[in-house]
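K.L.:
So here's target11.txt (compact mmCIF, C-alpha atoms and all ligand atoms).
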# COMPACT_ATOMS: atom_id res chain seq x y z
CA MET E 182 23.44 1.69 -18.90
CA SER E 183 22.16 -1.41 -20.62
CA PHE E 184 19.13 -2.46 -18.59
CA GLN E 185 16.38 -0.29 -17.20
CA ALA E 186 13.53 -1.19 -14.86
CA PRO E 187 10.52 -2.19 -17.00
CA LYS E 188 8.11 0.55 -18.05
CA GLY E 189 5.72 1.52 -15.27
CA THR E 190 8.03 0.21 -12.55
CA PHE E 191 10.73 1.89 -10.50
CA ASP E 192 13.24 1.18 -7.78
CA TRP E 193 12.95 2.38 -4.20
CA LEU E 194 16.42 3.45 -3.15
CA PRO E 195 17.83 4.67 0.18
CA PRO E 196 17.00 6.92 1.93
CA ARG E 197 13.47 6.98 0.47
CA SER E 198 13.14 3.23 0.59
CA GLU E 199 13.53 3.43 4.37
CA ARG E 200 10.76 5.98 4.55
CA VAL E 201 8.43 3.90 2.43
CA LEU E 202 9.00 0.95 4.74
CA ALA E 203 7.94 3.22 7.58
CA VAL E 204 4.83 4.23 5.61
CA ARG E 205 3.83 0.57 5.22
CA GLU E 206 4.34 0.03 8.93
CA ALA E 207 2.31 3.11 9.83
CA LEU E 208 -0.63 2.10 7.62
CA ALA E 209 -0.64 -1.39 9.10
CA ALA E 210 -0.14 -0.41 12.76
CA PRO E 211 -3.80 0.48 13.50
CA LEU E 212 -4.87 -2.96 12.20
CA ARG E 213 -2.73 -4.68 14.80
CA THR E 214 -4.57 -2.77 17.52
CA ALA E 215 -7.87 -4.18 16.26
CA GLY E 216 -7.10 -7.89 16.10
CA TYR E 217 -6.27 -8.26 12.41
CA GLY E 218 -3.82 -11.11 11.73
CA TYR E 219 -1.18 -10.99 9.02
CA ILE E 220 -1.68 -13.09 5.89
CA GLU E 221 0.68 -13.64 2.98
CA THR E 222 -0.62 -15.21 -0.20
CA PRO E 223 1.26 -16.11 -3.41
CA VAL E 224 2.11 -13.34 -5.83
CA PHE E 225 0.49 -15.38 -8.61
CA GLU E 226 -2.75 -17.32 -8.65
CA ASP E 227 -4.93 -19.31 -11.01
CA THR E 228 -6.09 -16.81 -13.65
CA GLN E 229 -9.71 -17.84 -13.13
CA LEU E 230 -9.60 -16.63 -9.52
CA PHE E 231 -9.23 -13.04 -10.69
CA ALA E 232 -11.41 -13.42 -13.79
CA ARG E 233 -14.30 -14.54 -11.60
CA GLY E 234 -13.43 -12.62 -8.45
CA VAL E 235 -12.56 -9.20 -9.82
CA GLY E 236 -15.04 -9.50 -12.67
CA GLU E 237 -14.92 -10.39 -16.38
CA SER E 238 -16.10 -6.94 -17.43
CA THR E 239 -13.60 -4.87 -15.45
CA ASP E 240 -10.63 -3.07 -16.99
CA ILE E 241 -8.41 -5.03 -14.64
CA VAL E 242 -9.46 -8.39 -16.09
CA THR E 243 -9.97 -7.40 -19.72
CA LYS E 244 -6.89 -5.22 -20.18
CA GLU E 245 -4.53 -5.17 -17.25
CA MET E 246 -3.63 -8.66 -16.10
CA TYR E 247 -0.13 -10.09 -16.35
CA THR E 248 -1.17 -13.57 -17.43
CA PHE E 249 1.21 -16.32 -18.46
CA ALA E 250 1.29 -20.07 -18.93
CA ASP E 251 3.76 -21.90 -16.71
CA LYS E 252 5.81 -24.83 -17.94
CA GLY E 253 3.05 -27.18 -16.78
CA GLY E 254 0.55 -25.42 -19.03
CA ARG E 255 -1.39 -23.73 -16.19
CA SER E 256 -2.69 -20.24 -16.77
CA LEU E 257 -1.40 -18.06 -13.95
CA THR E 258 -1.76 -14.34 -13.30
CA LEU E 259 0.33 -11.96 -11.20
CA ARG E 260 -2.11 -10.64 -8.61
CA PRO E 261 -3.70 -7.32 -9.58
CA GLU E 262 -5.22 -6.95 -6.08
CA GLY E 263 -5.39 -8.87 -2.82
CA THR E 264 -9.04 -9.47 -1.97
CA ALA E 265 -9.74 -12.45 -4.24
CA SER E 266 -6.58 -14.17 -2.97
CA VAL E 267 -7.54 -13.61 0.67
CA VAL E 268 -11.03 -15.04 0.12
CA ARG E 269 -9.49 -18.00 -1.70
CA ALA E 270 -7.10 -18.64 1.19
CA VAL E 271 -9.86 -18.35 3.81
CA LEU E 272 -12.03 -20.86 1.94
CA GLN E 273 -9.13 -23.22 1.19
CA HIS E 274 -8.07 -23.38 4.84
CA ASN E 275 -11.60 -23.32 6.28
CA LEU E 276 -10.89 -20.26 8.39
CA HIS E 277 -14.54 -19.28 7.94
CA THR E 278 -15.71 -22.30 9.96
CA GLY E 279 -14.17 -20.81 13.11
CA GLN E 280 -14.85 -17.55 14.87
CA LEU E 281 -16.28 -14.81 12.64
CA PRO E 282 -15.37 -12.33 11.40
CA VAL E 283 -11.99 -13.56 10.18
CA LYS E 284 -9.83 -10.43 10.32
CA LEU E 285 -6.74 -10.37 8.12
CA TRP E 286 -4.30 -7.83 6.79
CA TYR E 287 -1.60 -8.01 4.12
CA SER E 288 1.05 -5.92 2.47
CA GLY E 289 2.61 -6.56 -0.87
CA SER E 290 3.20 -6.02 -4.56
CA GLN E 291 0.32 -5.81 -7.02
CA PHE E 292 0.58 -5.84 -10.79
CA ARG E 293 -1.60 -4.13 -13.37
CA TYR E 294 -0.76 -3.43 -16.98
CA GLU E 295 -2.00 0.16 -16.82
CA ARG E 296 -1.08 3.23 -18.82
CA ALA E 297 1.88 4.31 -16.76
CA GLN E 298 1.91 7.84 -15.37
CA ARG E 299 2.72 9.62 -12.14
CA GLY E 300 0.91 7.73 -9.38
CA ARG E 301 -0.15 4.91 -11.69
CA TYR E 302 2.34 2.10 -11.95
CA ARG E 303 2.42 -1.42 -13.32
CA HIS E 304 3.99 -2.68 -10.14
CA PHE E 305 2.80 -1.00 -6.98
CA TRP E 306 2.40 -1.74 -3.31
CA GLN E 307 -0.71 -2.00 -1.17
CA VAL E 308 -1.46 -2.49 2.49
CA GLY E 309 -4.84 -4.21 2.71
CA ALA E 310 -7.30 -5.40 5.34
CA GLU E 311 -10.25 -7.75 5.05
CA ALA E 312 -12.90 -8.76 7.62
CA LEU E 313 -14.78 -11.82 6.43
CA GLY E 314 -17.99 -13.46 7.54
CA SER E 315 -19.94 -10.68 9.26
CA GLU E 316 -22.67 -8.36 8.11
CA ASP E 317 -22.40 -5.55 10.60
CA PRO E 318 -22.18 -1.83 9.84
CA ALA E 319 -19.81 -1.47 12.80
CA LEU E 320 -17.29 -3.60 10.90
CA ASP E 321 -17.48 -1.33 7.84
CA ALA E 322 -17.04 1.67 10.14
CA GLU E 323 -14.16 0.01 12.02
CA LEU E 324 -12.17 -0.55 8.85
CA ILE E 325 -12.76 2.99 7.62
CA VAL E 326 -11.69 4.41 10.98
CA LEU E 327 -8.52 2.27 10.99
CA ALA E 328 -7.55 3.50 7.50
CA ALA E 329 -8.20 7.10 8.51
CA ARG E 330 -6.02 6.61 11.58
CA GLY E 331 -3.22 5.21 9.42
CA PHE E 332 -3.23 8.26 7.16
CA ALA E 333 -3.49 10.62 10.12
CA SER E 334 -0.55 8.95 11.89
CA LEU E 335 1.62 9.90 8.92
CA GLY E 336 0.66 13.53 9.42
CA LEU E 337 -1.49 13.70 6.26
CA LYS E 338 -4.08 16.46 6.45
CA ASN E 339 -5.41 16.59 2.92
CA VAL E 340 -7.06 13.15 2.70
CA THR E 341 -10.81 13.13 2.08
CA LEU E 342 -13.11 10.16 2.52
CA LEU E 343 -15.76 9.61 -0.16
CA LEU E 344 -18.62 7.32 0.81
CA ASN E 345 -21.38 5.59 -1.11
CA SER E 346 -23.60 2.53 -1.08
CA LEU E 347 -24.04 0.37 -4.16
CA GLY E 348 -27.05 -1.54 -2.84
CA ASP E 349 -27.37 -5.32 -2.85
CA GLN E 350 -28.86 -8.10 -4.94
CA ASN E 351 -32.36 -6.89 -4.00
CA CYS E 352 -32.17 -3.27 -5.11
CA ARG E 353 -29.23 -3.19 -7.52
CA PRO E 354 -31.02 -4.93 -10.45
CA ALA E 355 -33.78 -2.31 -10.59
CA TYR E 356 -31.22 0.49 -10.35
CA ARG E 357 -29.09 -1.13 -13.02
CA ALA E 358 -32.09 -1.33 -15.36
CA ALA E 359 -33.00 2.32 -14.73
CA LEU E 360 -29.40 3.39 -15.37
CA GLN E 361 -29.21 1.32 -18.55
CA GLU E 362 -32.37 2.90 -19.88
CA PHE E 363 -30.96 6.36 -19.21
CA LEU E 364 -27.58 5.56 -20.76
CA ARG E 365 -29.03 4.03 -23.91
CA GLY E 366 -30.53 7.43 -24.72
CA LEU E 367 -27.13 9.18 -24.74
CA ASP E 368 -24.71 9.93 -27.55
CA LEU E 369 -21.87 7.50 -26.79
CA ASP E 370 -19.20 5.67 -28.78
CA GLU E 371 -19.47 1.98 -29.64
CA GLU E 372 -17.27 0.68 -26.82
CA THR E 373 -19.14 2.67 -24.19
CA ARG E 374 -22.48 1.51 -25.59
CA ALA E 375 -21.28 -2.07 -25.22
CA ARG E 376 -20.33 -1.32 -21.61
CA ILE E 377 -23.90 -0.17 -20.87
CA GLU E 378 -25.05 -3.73 -21.44
CA ILE E 379 -22.28 -5.44 -19.48
CA ASN E 380 -21.50 -3.09 -16.59
CA PRO E 381 -23.46 0.18 -16.76
CA LEU E 382 -22.17 1.45 -13.41
CA ARG E 383 -18.70 1.72 -14.90
CA VAL E 384 -19.98 4.28 -17.42
CA LEU E 385 -20.56 6.65 -14.47
CA ASP E 386 -16.85 6.38 -13.80
CA ASP E 387 -15.86 7.47 -17.33
CA ARG E 388 -13.62 10.50 -16.88
CA ARG E 389 -13.99 11.94 -20.42
CA SER E 390 -15.80 15.28 -20.38
CA GLU E 391 -17.96 14.41 -23.41
CA VAL E 392 -19.34 11.52 -21.35
CA GLN E 393 -19.48 13.31 -17.99
CA ASP E 394 -21.37 16.24 -19.56
CA GLN E 395 -24.23 13.91 -20.43
CA LEU E 396 -24.43 12.27 -17.01
CA ALA E 397 -25.77 15.20 -14.97
CA ASP E 398 -29.27 13.69 -14.81
CA ALA E 399 -28.23 10.04 -14.50
CA PRO E 400 -30.21 8.10 -11.90
CA LEU E 401 -28.26 7.64 -8.66
CA VAL E 402 -28.04 4.46 -6.70
CA VAL E 403 -28.83 6.25 -3.40
CA ASP E 404 -32.29 6.98 -4.74
CA HIS E 405 -32.85 3.29 -5.46
CA LEU E 406 -31.62 1.66 -2.24
CA CYS E 407 -33.99 -0.83 -0.60
CA ALA E 408 -34.98 -0.21 3.02
CA ALA E 409 -32.40 -2.65 4.40
CA CYS E 410 -29.53 -1.13 2.41
CA LYS E 411 -30.63 2.38 3.33
CA ALA E 412 -30.75 1.52 7.04
CA TYR E 413 -27.36 -0.19 6.82
CA HIS E 414 -25.83 2.81 5.12
CA GLU E 415 -27.29 5.24 7.64
CA GLU E 416 -25.84 3.15 10.45
CA VAL E 417 -22.34 3.26 8.88
CA ARG E 418 -22.65 7.02 8.41
CA GLY E 419 -23.81 7.47 11.99
CA LEU E 420 -20.94 5.45 13.43
CA LEU E 421 -18.37 7.39 11.42
CA THR E 422 -19.84 10.67 12.57
CA ALA E 423 -19.90 9.45 16.18
CA CYS E 424 -16.18 8.76 16.12
CA GLY E 425 -15.36 12.00 14.39
CA VAL E 426 -14.37 10.68 10.97
CA ALA E 427 -15.43 13.23 8.36
CA PHE E 428 -16.74 11.97 5.03
CA THR E 429 -18.33 13.27 1.86
CA ASP E 430 -21.29 11.45 0.38
CA ASP E 431 -20.44 10.69 -3.21
CA PRO E 432 -23.43 9.12 -4.95
CA ARG E 433 -21.36 8.71 -8.11
CA LEU E 434 -18.58 6.71 -6.52
CA VAL E 435 -18.37 3.39 -8.34
CA ARG E 436 -15.33 1.25 -7.88
CA GLY E 437 -13.33 -0.47 -10.60
CA LEU E 438 -14.00 -3.97 -9.30
CA ASP E 439 -17.25 -5.92 -9.70
CA TYR E 440 -17.54 -7.56 -6.31
CA TYR E 441 -18.84 -4.62 -4.31
CA THR E 442 -22.20 -4.48 -2.53
CA ARG E 443 -23.52 -1.83 -0.16
CA THR E 444 -20.73 0.25 1.46
CA THR E 445 -18.08 1.56 -0.93
CA PHE E 446 -15.52 4.22 -0.17
CA GLU E 447 -12.40 5.87 -1.41
CA PHE E 448 -9.77 8.01 0.25
CA VAL E 449 -8.60 10.76 -2.10
CA HIS E 450 -5.79 13.26 -1.75
CA GLY E 451 -5.98 16.79 -3.09
CA GLY E 452 -2.34 17.03 -4.15
CA LEU E 453 -2.09 14.11 -6.56
CA GLY E 454 -3.76 15.27 -9.77
CA SER E 455 -5.74 12.66 -11.68
CA GLN E 456 -4.53 9.61 -9.75
CA SER E 457 -5.97 10.94 -6.51
CA ALA E 458 -7.16 7.75 -4.78
CA VAL E 459 -4.78 6.81 -1.98
CA GLY E 460 -7.04 3.94 -0.92
CA GLY E 461 -10.37 2.33 -1.46
CA GLY E 462 -12.59 -0.52 -0.53
CA GLY E 463 -16.02 -1.65 0.46
CA ARG E 464 -18.30 -4.54 1.24
CA TYR E 465 -18.27 -7.62 -0.96
CA ASP E 466 -21.04 -9.85 0.34
CA GLY E 467 -21.23 -12.08 -2.75
CA LEU E 468 -17.57 -12.70 -3.54
CA SER E 469 -17.23 -15.95 -1.61
CA GLU E 470 -20.15 -17.46 -3.52
CA MET E 471 -18.64 -16.24 -6.80
CA LEU E 472 -15.63 -18.37 -5.82
CA ASP E 473 -17.79 -21.43 -5.02
CA GLY E 474 -17.75 -20.76 -1.26
CA PRO E 475 -20.65 -20.39 1.16
CA PRO E 476 -22.26 -16.99 1.81
CA LEU E 477 -19.61 -14.93 3.58
CA PRO E 478 -20.51 -11.25 3.84
CA SER E 479 -17.27 -9.31 4.08
CA VAL E 480 -15.71 -5.88 3.91
CA GLY E 481 -12.20 -4.59 3.31
CA TRP E 482 -9.89 -2.02 1.83
CA ALA E 483 -6.51 -1.56 0.24
CA LEU E 484 -4.35 1.53 0.59
CA GLY E 485 -1.81 2.44 -2.07
CA VAL E 486 1.60 2.76 -0.46
CA ASP E 487 3.23 4.47 -3.46
CA ARG E 488 0.46 7.05 -3.73
CA THR E 489 0.46 7.62 0.02
CA PHE E 490 4.14 8.44 -0.29
CA LEU E 491 3.40 10.89 -3.13
CA ALA E 492 0.70 12.45 -0.94
CA MET E 493 3.25 12.87 1.84
CA GLN E 494 5.64 14.54 -0.58
CA ALA E 495 2.84 16.87 -1.70
CA GLU E 496 2.35 17.90 1.94
CA GLY E 497 6.08 18.30 2.57
CA LEU E 498 6.13 15.30 4.91
CA ALA E 499 8.68 13.25 3.00
CA ASP E 500 11.56 15.63 2.49
CA ASP E 501 14.72 13.75 1.74
CA GLU E 502 16.82 15.37 4.43
CA ALA E 503 20.03 13.49 5.06
CA ARG E 504 19.29 10.76 7.55
CA GLN E 505 21.61 9.09 9.99
CA ARG E 506 22.55 5.77 8.43
CA VAL E 507 24.69 4.62 11.34
CA GLN E 508 25.69 6.03 14.73
CA VAL E 509 29.38 5.15 14.64
CA TYR E 510 31.88 4.94 11.77
CA GLY E 511 35.24 3.20 11.93
CA VAL E 512 38.31 4.69 10.24
CA PRO E 513 41.15 2.10 10.29
CA LEU E 514 44.58 3.13 9.04
CA GLY E 515 46.59 0.10 7.89
CA ASP E 516 45.99 -3.63 7.67
CA ASP E 517 46.35 -4.49 11.37
CA ALA E 518 44.04 -1.63 12.32
CA ARG E 519 41.52 -2.84 9.74
CA ARG E 520 41.43 -6.31 11.31
CA ARG E 521 40.96 -4.84 14.79
CA MET E 522 38.34 -2.35 13.57
CA PHE E 523 36.41 -5.16 11.91
CA LEU E 524 36.09 -6.84 15.31
CA LEU E 525 35.29 -3.59 17.12
CA VAL E 526 32.48 -2.73 14.68
CA GLY E 527 31.04 -6.19 15.31
CA GLU E 528 31.20 -5.63 19.08
CA LEU E 529 29.43 -2.29 18.72
CA ARG E 530 26.64 -3.91 16.71
CA GLU E 531 26.29 -6.68 19.28
CA ALA E 532 25.93 -4.00 21.92
CA GLY E 533 23.00 -2.51 20.01
CA LEU E 534 24.72 0.40 18.27
CA SER E 535 24.60 0.81 14.52
CA ALA E 536 28.09 0.94 13.06
CA ASP E 537 29.86 0.90 9.72
CA MET E 538 33.50 1.30 8.72
CA ALA E 539 35.61 2.36 5.77
CA PHE E 540 36.21 -0.54 3.40
CA GLY E 541 38.63 -0.83 0.52
CA GLY E 542 41.82 0.43 2.19
CA LYS E 543 41.01 4.14 2.05
CA GLY E 544 43.42 6.72 3.47
CA LEU E 545 42.46 9.04 6.32
CA LYS E 546 40.93 11.68 4.07
CA GLY E 547 38.74 9.30 2.06
CA ALA E 548 37.68 7.40 5.15
CA MET E 549 36.70 10.60 7.00
CA LYS E 550 34.59 11.60 4.00
CA GLY E 551 32.79 8.26 4.39
CA ALA E 552 32.27 9.02 8.07
CA ASP E 553 30.66 12.37 7.23
CA ARG E 554 28.41 10.85 4.58
CA SER E 555 27.24 8.11 6.93
CA GLY E 556 25.63 10.68 9.21
CA ALA E 557 27.41 9.07 12.17
CA ALA E 558 27.76 11.02 15.41
CA PHE E 559 31.22 9.57 16.12
CA ALA E 560 34.19 8.42 14.06
CA LEU E 561 36.64 5.92 15.55
CA ILE E 562 40.13 6.49 14.20
CA LEU E 563 42.55 3.63 14.68
CA GLY E 564 46.19 3.93 13.55
CA GLU E 565 49.32 1.86 14.20
CA ARG E 566 50.26 3.93 17.23
CA ASP E 567 46.75 3.64 18.73
CA LEU E 568 46.91 -0.11 18.27
CA ALA E 569 50.18 -0.30 20.13
CA ALA E 570 48.61 1.74 22.96
CA GLU E 571 45.45 -0.42 22.92
CA ALA E 572 43.43 2.77 22.42
CA VAL E 573 41.30 4.46 19.77
CA GLN E 574 40.66 8.12 18.90
CA VAL E 575 36.96 8.96 19.28
CA LYS E 576 36.00 12.00 17.23
CA ASP E 577 32.69 13.76 17.84
CA LEU E 578 31.74 14.67 14.27
CA ALA E 579 29.45 17.51 15.32
CA THR E 580 32.01 19.38 17.45
CA ALA E 581 35.24 17.93 15.93
CA GLU E 582 36.39 17.22 19.50
CA GLN E 583 38.64 14.21 19.75
CA SER E 584 39.55 12.07 22.75
CA GLU E 585 41.53 8.90 23.29
CA VAL E 586 39.62 5.96 24.81
CA PRO E 587 41.06 2.53 25.71
CA LEU E 588 39.89 -0.11 23.21
CA ALA E 589 38.58 -2.22 26.08
CA GLN E 590 36.25 0.60 27.16
CA VAL E 591 35.16 2.13 23.89
CA VAL E 592 31.92 0.14 23.51
CA GLU E 593 30.69 1.19 26.96
CA PHE E 594 31.91 4.75 26.34
CA LEU E 595 29.92 5.04 23.10
CA LYS E 596 26.84 3.38 24.57
CA GLY E 597 26.72 6.13 27.12
CA LYS E 598 27.08 8.81 24.43
CA VAL E 599 24.71 7.85 21.65
CA GLN E 600 21.81 6.06 23.25
P1 LIG I 701 -8.29 -0.53 -5.76
O1 LIG I 701 -9.11 0.72 -5.65
O2 LIG I 701 -8.18 -1.13 -7.10
O3 LIG I 701 -8.92 -1.57 -4.74
O4 LIG I 701 -6.84 -0.26 -5.21
C1 LIG I 701 -6.64 0.29 -3.92
C2 LIG I 701 -5.56 1.37 -3.95
O5 LIG I 701 -4.38 0.85 -4.55
C3 LIG I 701 -5.91 2.57 -4.81
O6 LIG I 701 -6.73 3.48 -4.09
C4 LIG I 701 -4.54 3.15 -5.10
O7 LIG I 701 -4.09 3.92 -4.01
C5 LIG I 701 -3.70 1.91 -5.21
N1 LIG I 701 -3.49 1.58 -6.65
C6 LIG I 701 -4.34 0.92 -7.45
N2 LIG I 701 -3.82 0.81 -8.70
C7 LIG I 701 -2.61 1.43 -8.66
C8 LIG I 701 -1.58 1.66 -9.63
N3 LIG I 701 -1.67 1.21 -10.88
N4 LIG I 701 -0.46 2.33 -9.24
C9 LIG I 701 -0.34 2.79 -7.96
N5 LIG I 701 -1.28 2.59 -7.01
C10 LIG I 701 -2.41 1.93 -7.35
C11 LIG I 701 -8.47 -2.83 -4.55
O8 LIG I 701 -7.42 -3.25 -4.95
C12 LIG I 701 -9.37 -3.68 -3.68
N6 LIG I 701 -8.78 -5.01 -3.56
C13 LIG I 701 -9.58 -3.03 -2.33
C14 LIG I 701 -10.47 -3.84 -1.43
C15 LIG I 701 -10.07 -4.66 -0.45
N7 LIG I 701 -11.78 -3.90 -1.50
C16 LIG I 701 -12.21 -4.75 -0.58
N8 LIG I 701 -11.19 -5.23 0.05
Mind turning this structure into structure tokens?
P.N.:
Amino acid sequence: MSFQAPKGTFDWLPPRSERVLAVREALAAPLRTAGYGYIETPVFEDTQLFARGVGESTDIVTKEMYTFADKGGRSLTLRPEGTASVVRAVLQHNLHTGQLPVKLWYSGSQFRYERAQRGRYRHFWQVGAEALGSEDPALDAELIVLAARGFASLGLKNVTLLLNSLGDQNCRPAYRAALQEFLRGLDLDEETRARIEINPLRVLDDRRSEVQDQLADAPLVVDHLCAACKAYHEEVRGLLTACGVAFTDDPRLVRGLDYYTRTTFEFVHGGLGSQSAVGGGGRYDGLSEMLDGPPLPSVGWALGVDRTFLAMQAEGLADDEARQRVQVYGVPLGDDARRRMFLLVGELREAGLSADMAFGGKGLKGAMKGADRSGAAFALILGERDLAAEAVQVKDLATAEQSEVPLAQVVEFLKGKVQ
């Protein structure tokens, strides 16, 4: 084995890869019912887009970006998240000058140079949704409800919603100052002290116990919200309650990206250990202006597909039981039979059945093994004598019953049996 997938990455292989495709579909399905349109943006963007959009003081920008110069000397970065790209695309194509909100969803690879561990990868997959250009608590609630529905549709029971408000440009500065004053009085290492001055909210997110132990009396943003932010937050909470979406108020929830204002939330799963967030998001009313656009109050989320899959495994919802790969499997014996089987398999597929056949000139025994492994319900055995009789042996692999069917009728025969 000479090459391995790079550290922090892995391959999705069948049959799991099929299941993870289904997970992506399930997480996106509720969005389609709510008028979100699909957007695909490039996997790499101008480095400055993320530096400004995600925030110069975040771990993502300072430590985790895959940045490279292309042959034209441009600094490009593999996207670490989707929101900045979506805002860029909306502004570039003037979508915000039409009907608002602009509702978009996406699904794709994200890249972060993180310390790799279970549930934390350097290449991972998100399904995301963004609603741009409206300041309306019902939109925040809509997105949260749609995410909750996605998780529920996968059968997940152990997902909890944590909810907070981070205030806005009116009330956040006073809170920030109060938090800084509190933090400056603590016993913290040099790097953390520096963070107090740049992004004090991130210190609340420090997982180390020596830091957490000192934060019990830290001022909380909920106690510093202005009247407008408070009313907005109460409205979001009320709407969630009205549609039966349970949540836990988490006044210490700060997200790892700088663009958030007001509503912030995270979906966490109890069975994942330290990397428990299966999704997260919030309102980002100032991001468009940070990217030289007009004011465009917006809200969105991204759900981690890989972690959602781990959560499903933790709940026993992703057992790798053998799955049916195809419905019918062809077993040709001899060259002439192989040519005829090749055509027959094509006819079956055209008729809407899934079919595969033994390749590589296998004998009866080897080919029947392939039939068993394929999970097919029926094997079609075609020998020289069958060919001469213009017939094929149809073997029901569950009962081992075998019957002879004319070649001209076998497609119709099987259609009646397996569909
Ligand atoms: P985020 O919290 O950085 O938010 O990522 C969202 C989700 O992606 C996480 O909850 C987690 O499930 C998954 N995720 C993040 N990093 C990794 C990783 N290294 N390995 C595996 N899964 C990971 C955002 O990305 C924002 N753009 C969300 C948003 C959209 N906010 C507003 N609109």
K.L.:
Determine, counting only C-alpha atoms, which protein, DNA and RNA residues have an atom within 8 Å of an atom of range 287-304 of chain E; residues of the same chain fewer than 5 positions away are not included. Present the result as a ChimeraX atom specification.
P.N.:
/E:188-190,205,219-221,224,241,244-247,259-263,309-310,453,456,487-488,491
K.L.:
Could you check which of E:Ala558, E:Gly564, E:Val201, E:Leu285 is closest to Ala579 in chain E, using all atoms listed in the file?
P.N.:
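When distances to Ala579 in chain E are compared using all atoms listed in the file, the smallest one comes from E:Ala558.
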K.L.:
Rank nothing, just name the residue among E:Thr214, E:Gln361, E:Gln494, E:Thr341 nearest to Ala399 in chain E, using all atoms listed in the file.
P.N.:
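Nearest to Ala399 in chain E: E:Gln361.
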K.L.:
Just give me the gap between CA of Arg436 in chain E and CA of Leu281 in chain E in Å, one decimal is fine.
P.N.:
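Computed distance, CA of Arg436 in chain E to CA of Leu281 in chain E, equals 26.1 Å.
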K.L.:
Nearest to ligand LIG 701 (chain I) among E:Val449, E:Val340, E:Met538, E:Ala581, with distances taken over only C-alpha atoms and all ligand atoms: which residue is it?
P.N.:
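Checking each of E:Val449, E:Val340, E:Met538, E:Ala581 against ligand LIG 701 (chain I), counting only C-alpha atoms and all ligand atoms, the winner is E:Val449.
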K.L.:
Nearest to ligand LIG 701 (chain I) among E:Asp431, E:Glu447, E:Asp398, E:Glu378, with distances taken over only C-alpha atoms and all ligand atoms: which residue is it?
P.N.:
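The shortest atom-to-atom distance to ligand LIG 701 (chain I) comes from E:Glu447.
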K.L.:
For a quick check of your reading of the model, name the residues lying within 6 Å of the coordinate (-1.1, -17.7, -14.2), counting all atoms listed in the file, and write them as a list in words.
P.N.:
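Here is the list of nearby residues: Glu226, Asp227, Thr228, Thr248, Phe249, Ala250, Ser256, Leu257 and Thr258 of chain E.
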